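Dumped model-v3.cif below, it's mmCIF, N, CA and C atoms:
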```
data_upload
#
loop_
_atom_site.label_atom_id
_atom_site.label_comp_id
_atom_site.auth_asym_id
_atom_site.auth_seq_id
_atom_site.Cartn_x
_atom_site.Cartn_y
_atom_site.Cartn_z
N MET C 2 39.17 -14.33 20.65
CA MET C 2 38.48 -13.57 19.63
C MET C 2 37.23 -12.88 20.20
N ALA C 3 36.65 -13.44 21.25
CA ALA C 3 35.42 -12.87 21.79
C ALA C 3 35.66 -11.53 22.48
N ASP C 4 36.92 -11.25 22.87
CA ASP C 4 37.18 -10.00 23.55
C ASP C 4 37.61 -8.89 22.59
N LYS C 5 37.66 -9.18 21.31
CA LYS C 5 38.03 -8.16 20.34
C LYS C 5 36.87 -7.17 20.17
N VAL C 6 37.18 -5.90 20.29
CA VAL C 6 36.14 -4.87 20.20
C VAL C 6 36.35 -4.10 18.90
N TYR C 7 35.28 -3.95 18.17
CA TYR C 7 35.31 -3.23 16.90
C TYR C 7 35.03 -1.75 17.15
N PRO C 8 35.17 -0.89 16.15
CA PRO C 8 34.92 0.55 16.34
C PRO C 8 33.53 0.86 16.90
N SER C 9 32.58 -0.01 16.69
CA SER C 9 31.23 0.21 17.21
C SER C 9 31.17 0.00 18.72
N GLY C 10 32.18 -0.64 19.28
CA GLY C 10 32.18 -0.93 20.71
C GLY C 10 31.58 -2.28 21.04
N LEU C 11 31.19 -3.04 20.03
CA LEU C 11 30.59 -4.35 20.25
C LEU C 11 31.61 -5.45 20.00
N THR C 12 31.45 -6.53 20.75
CA THR C 12 32.26 -7.71 20.47
C THR C 12 31.61 -8.44 19.29
N GLU C 13 32.28 -9.47 18.81
CA GLU C 13 31.74 -10.25 17.69
C GLU C 13 30.39 -10.87 18.05
N ALA C 14 30.28 -11.43 19.24
CA ALA C 14 29.03 -12.07 19.67
C ALA C 14 27.91 -11.03 19.81
N GLU C 15 28.23 -9.88 20.37
CA GLU C 15 27.22 -8.83 20.52
C GLU C 15 26.77 -8.31 19.16
N ALA C 16 27.71 -8.17 18.23
CA ALA C 16 27.36 -7.70 16.90
C ALA C 16 26.45 -8.70 16.18
N GLN C 17 26.73 -9.97 16.35
CA GLN C 17 25.88 -10.99 15.71
C GLN C 17 24.48 -10.99 16.33
N GLU C 18 24.40 -10.82 17.65
CA GLU C 18 23.10 -10.77 18.31
C GLU C 18 22.31 -9.55 17.86
N PHE C 19 22.97 -8.40 17.78
CA PHE C 19 22.31 -7.19 17.31
C PHE C 19 21.81 -7.38 15.87
N HIS C 20 22.63 -7.98 15.04
CA HIS C 20 22.24 -8.20 13.64
C HIS C 20 21.02 -9.10 13.54
N SER C 21 20.97 -10.15 14.36
CA SER C 21 19.82 -11.05 14.29
C SER C 21 18.54 -10.33 14.71
N TRP C 22 18.59 -9.50 15.76
CA TRP C 22 17.41 -8.75 16.19
C TRP C 22 17.03 -7.71 15.14
N TYR C 23 18.03 -7.07 14.55
CA TYR C 23 17.77 -6.05 13.53
C TYR C 23 17.07 -6.66 12.32
N THR C 24 17.55 -7.81 11.85
CA THR C 24 16.93 -8.43 10.67
C THR C 24 15.52 -8.91 10.98
N LYS C 25 15.29 -9.41 12.19
CA LYS C 25 13.93 -9.83 12.56
C LYS C 25 13.00 -8.62 12.59
N GLY C 26 13.47 -7.52 13.16
CA GLY C 26 12.66 -6.30 13.21
C GLY C 26 12.37 -5.76 11.82
N LEU C 27 13.35 -5.81 10.95
CA LEU C 27 13.15 -5.36 9.58
C LEU C 27 12.11 -6.22 8.87
N GLY C 28 12.16 -7.53 9.09
CA GLY C 28 11.18 -8.43 8.49
C GLY C 28 9.77 -8.12 8.96
N VAL C 29 9.61 -7.87 10.25
CA VAL C 29 8.29 -7.52 10.80
C VAL C 29 7.81 -6.21 10.19
N TRP C 30 8.69 -5.23 10.08
CA TRP C 30 8.32 -3.94 9.51
C TRP C 30 7.89 -4.09 8.05
N VAL C 31 8.59 -4.89 7.27
CA VAL C 31 8.24 -5.09 5.86
C VAL C 31 6.87 -5.76 5.75
N VAL C 32 6.62 -6.77 6.57
CA VAL C 32 5.34 -7.47 6.51
C VAL C 32 4.20 -6.53 6.90
N LEU C 33 4.38 -5.76 7.97
CA LEU C 33 3.33 -4.83 8.38
C LEU C 33 3.09 -3.73 7.35
N SER C 34 4.14 -3.21 6.77
CA SER C 34 3.94 -2.16 5.77
C SER C 34 3.31 -2.73 4.50
N ALA C 35 3.65 -3.94 4.12
CA ALA C 35 3.01 -4.56 2.96
C ALA C 35 1.52 -4.77 3.24
N PHE C 36 1.20 -5.23 4.45
CA PHE C 36 -0.21 -5.40 4.82
C PHE C 36 -0.94 -4.06 4.76
N ALA C 37 -0.33 -3.01 5.27
CA ALA C 37 -0.97 -1.70 5.26
C ALA C 37 -1.21 -1.22 3.83
N HIS C 38 -0.26 -1.45 2.94
CA HIS C 38 -0.44 -1.04 1.54
C HIS C 38 -1.55 -1.84 0.87
N ILE C 39 -1.59 -3.13 1.11
CA ILE C 39 -2.63 -3.97 0.51
C ILE C 39 -4.00 -3.59 1.07
N PHE C 40 -4.08 -3.38 2.37
CA PHE C 40 -5.33 -2.98 3.02
C PHE C 40 -5.83 -1.65 2.45
N THR C 41 -4.93 -0.69 2.32
CA THR C 41 -5.32 0.63 1.79
C THR C 41 -5.79 0.51 0.35
N TYR C 42 -5.08 -0.25 -0.46
CA TYR C 42 -5.48 -0.41 -1.86
C TYR C 42 -6.82 -1.13 -1.98
N THR C 43 -7.06 -2.10 -1.11
CA THR C 43 -8.30 -2.86 -1.17
C THR C 43 -9.52 -2.00 -0.81
N TYR C 44 -9.39 -1.18 0.22
CA TYR C 44 -10.54 -0.42 0.70
C TYR C 44 -10.61 1.00 0.17
N LEU C 45 -9.50 1.55 -0.27
CA LEU C 45 -9.47 2.90 -0.82
C LEU C 45 -8.63 2.91 -2.09
N PRO C 46 -9.07 2.26 -3.15
CA PRO C 46 -8.22 2.15 -4.34
C PRO C 46 -7.92 3.50 -5.01
N TRP C 47 -8.70 4.51 -4.74
CA TRP C 47 -8.47 5.81 -5.35
C TRP C 47 -7.48 6.63 -4.55
N PHE C 48 -7.10 6.17 -3.34
CA PHE C 48 -6.25 6.92 -2.44
C PHE C 48 -4.85 7.04 -2.97
#
```

I need this file expressed as structure tokens, please.
Amino acid sequence: MADKVYPSGLTEAEAQEFHSWYTKGLGVWVVLSAFAHIFTYTYLPWF
């Protein structure tokens, strides 16, 4: 099963690894953007 290649060109293991990195990156992006919004609202509420 590990040698099966999907249309993306990734094997199952590679796809799972990519997904784990993608979800971690998305989580970091959400936290940073939430912080930026809170920071902006706190210091520039009229912005």

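Here atom C of Thr43 of chain C and atom CA of Thr24 of chain C stand 29.5 Å from one another.
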
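Atom CA of Ser9 of chain C sits 16.5 Å away from atom CA of Trp22 of chain C.
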
- Give me every helix (DSSP H, G or I) residue in chain C, going by DSSP on the backbone, as a PyMOL selection string. chain C and resi 13-44

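Here atom CA of Ile39 of chain C is placed at a distance of 27.3 Å from atom CA of Ser21 of chain C.
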